[in-house]
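Inspection log for the structure reproduced underneath, given as structure tokens.
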Number of protein chains: 2
Amino acid sequence: MIDFVRILIEHNIAPSIQRIKILEYLSKYKTHPTADMIYRELVKQIPTLSKTTVYNTLKTFTEKGLLTALAIFDNEIRYDFNTDQHIHFKCSKCGLVFDLDGSHDTFNEDFIEGHKITEYHINLKGICKNCLKKESK
Amino acid sequence: MIDFVRILIEHNIAPSIQRIKILEYLSKYKTHPTADMIYRELVKQIPTLSKTTVYNTLKTFTEKGLLTALAIFDNEIRYDFNTDQHIHFKCSKCGLVFDLDGSHDTFNEDFIEGHKITEYHINLKGICKNCLKKESK
DNA sequence: TCCATATTTGTAATCATTACAAGAATGAAA
DNA sequence: TTTCATTCTTGTAATGATTACAAATATGGA
């Protein structure tokens with residue numbers, strides 16, 4: 001049982017039911033959800049939940065380093081609970097985002113060509129295993 | 001002098017003034033512009049230009065493989081005239097997108113973990129050379 | 001020239017996100 | 001415990017990018 005309250009406090013975020021539930025959702029379902037996906041799920045548990053709260057919370061979490069905002073494709077922001085560096089793959093058929101293994105030491109540099117690097121993302125696009133299987137039938 | 005008409009025809013796209021100008025703009029100013037940036041520039045030359053035309057054209061170009069749509073950050077789509085593989089770096093201060101050298105052979109595979117890969121993007125974020133210089137003053 | 005087709009245009013709709021202000025909850029001080 | 005300031009949450013309205021759609025225009029071939 002993960003202590004979400006503790007995690008919030010350690011990141012200087014005051015715990016609230018909304019924040020705890022959003023954090024719980026993100027750590028449980030690593031589907032790189034959008035704000036809207038999170039809202040649609042959690043409003044079932046918290047009927048008074050506002051979409052603005054979801055957006056505010058995700059912004060706060062990201063600022064405090066609890067989440068990373070991914071800009072993958074298709075003009076939508078998805079959120080990832082911070083863990084190890086990994087690669088994201090989005091299927092252009094079903095829209096699911098997969099994590100792929102693989103470190104990318106190549107870009108483990110603080111400065112490249114004089115620019116200071118704070119984040120690096122590797123995003124692949126293609127057709128996922130499952131959709132390929134369906135196609136071949 | 002690049003023959004834009006020829007490029008369009010080779011990609012099965014019927015040439016029109018709008019399409020030629022948009023292609024010319026993209027090949028000339030490699031600033032990874034958004035649709036809106038392209039519109040604001042070209043409407044000076046083609047006063048009747050519609051923003052919808054810009055969107056339609058960019059979509060057509062992308063479908064025909066003439067452009068790549070980049071999903072970098074901040075929920076905006078930017079377009080890149082297809083050239084060699086390169087890395088994109090976006091400055092979080094000034095918002096400019098820079099191309100960085102560097103090939104990434106690691107991901108030159110057609111399949112990874114069973115998924116078919118069609119595109120791969122490496123996006124870095126940070127503070128650019130110029131903004132660093134301004135800060136230190 | 002005429003016609004079918006493709007392209008462009010402008011407006012309205014959509015979707016994600018943000019701004020804002022009011023209401024509710026919280027926690028510390030008296 | 002009450003009070004008060006502060007922080008969170010909520011709902012509505014605004015914004016900004018993009019898309020849908022239908023009418024107007026341009027194009028190339030018969």
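Following the order of the structure tokens, chains are lettered A, B, ..., residues in each are numbered from 1, and ligands are numbered from 1.
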| request: Mind checking which residues fall within 10 Å of Asn130 of chain B, counting only C-alpha atoms (C1' of nucleotides), ignoring those fewer than 4 positions away in the same chain, and posting them as a list in words? | output: Gly114 and His115 of chain A; Cys91, Lys93, Cys94, Lys134 and Glu135 of chain B
| Residue list for chain D near chain B as an MDAnalysis selection string, 9 Å, only C-alpha atoms (C1' of nucleotides) | chainID D and resid 17:19
| request: Report the residues of chain B whose backbone DSSP state falls under strand (DSSP E), written as a ChimeraX atom specification. | output: /B:67-71,77-81,87-91,97-100,111-112,115-127
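For chain B, the residues close to chain C, meaning within 8 Å and counting only C-alpha atoms (C1' of nucleotides), are Leu49, Ser50, Thr52 and Thr53 of chain B.
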| DSSP alpha helix (DSSP H) residues within segment 24-70 of chain A, as a PyMOL selection string | chain A and resi 24-28+35-42+51-63
Resulting file, chosen residues, C-alpha atoms, as a PDB file, in the first residue's frame:
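After the write, part-v8.pdb holds the following:
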```pdb
ATOM      1  CA  GLU A  24      -3.303   7.162  -6.860  1.00  0.00           C
ATOM      2  CA  TYR A  25      -4.811   6.935 -10.319  1.00  0.00           C
ATOM      3  CA  LEU A  26      -1.568   7.916 -12.011  1.00  0.00           C
ATOM      4  CA  SER A  27       0.501   5.446 -10.046  1.00  0.00           C
ATOM      5  CA  LYS A  28      -1.998   2.642 -10.562  1.00  0.00           C
ATOM      6  CA  ALA A  35      -6.394  15.279 -18.035  1.00  0.00           C
ATOM      7  CA  ASP A  36      -9.715  14.338 -19.527  1.00  0.00           C
ATOM      8  CA  MET A  37      -9.175  10.607 -19.046  1.00  0.00           C
ATOM      9  CA  ILE A  38      -8.343  11.167 -15.396  1.00  0.00           C
ATOM     10  CA  TYR A  39     -11.390  13.359 -14.934  1.00  0.00           C
ATOM     11  CA  ARG A  40     -13.774  10.873 -16.523  1.00  0.00           C
ATOM     12  CA  GLU A  41     -12.573   8.077 -14.265  1.00  0.00           C
ATOM     13  CA  LEU A  42     -12.378   9.949 -10.998  1.00  0.00           C
ATOM     14  CA  LYS A  51     -12.146  19.347 -14.502  1.00  0.00           C
ATOM     15  CA  THR A  52     -10.343  22.521 -13.526  1.00  0.00           C
ATOM     16  CA  THR A  53      -9.145  20.773 -10.380  1.00  0.00           C
ATOM     17  CA  VAL A  54      -7.662  18.017 -12.486  1.00  0.00           C
ATOM     18  CA  TYR A  55      -5.837  20.535 -14.643  1.00  0.00           C
ATOM     19  CA  ASN A  56      -4.652  22.522 -11.624  1.00  0.00           C
ATOM     20  CA  THR A  57      -3.465  19.410  -9.855  1.00  0.00           C
ATOM     21  CA  LEU A  58      -1.579  18.078 -12.843  1.00  0.00           C
ATOM     22  CA  LYS A  59       0.082  21.446 -13.250  1.00  0.00           C
ATOM     23  CA  THR A  60       1.083  21.536  -9.602  1.00  0.00           C
ATOM     24  CA  PHE A  61       2.372  17.974  -9.684  1.00  0.00           C
ATOM     25  CA  THR A  62       4.427  18.715 -12.760  1.00  0.00           C
ATOM     26  CA  GLU A  63       5.901  21.879 -11.268  1.00  0.00           C
TER      27      GLU A  63
END
```
| query | From the set B:Leu23, B:Val97, B:Leu67, B:Ile122, which residue has the shortest atom-to-atom contact distance to chain A, counting only C-alpha atoms? | reply |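 Ranking B:Leu23, B:Val97, B:Leu67, B:Ile122 by distance to chain A, first place goes to B:Ile122.
The coordinates place atom CA of Lys64 of chain B at 9.5 Å from atom CA of Leu8 of chain B.
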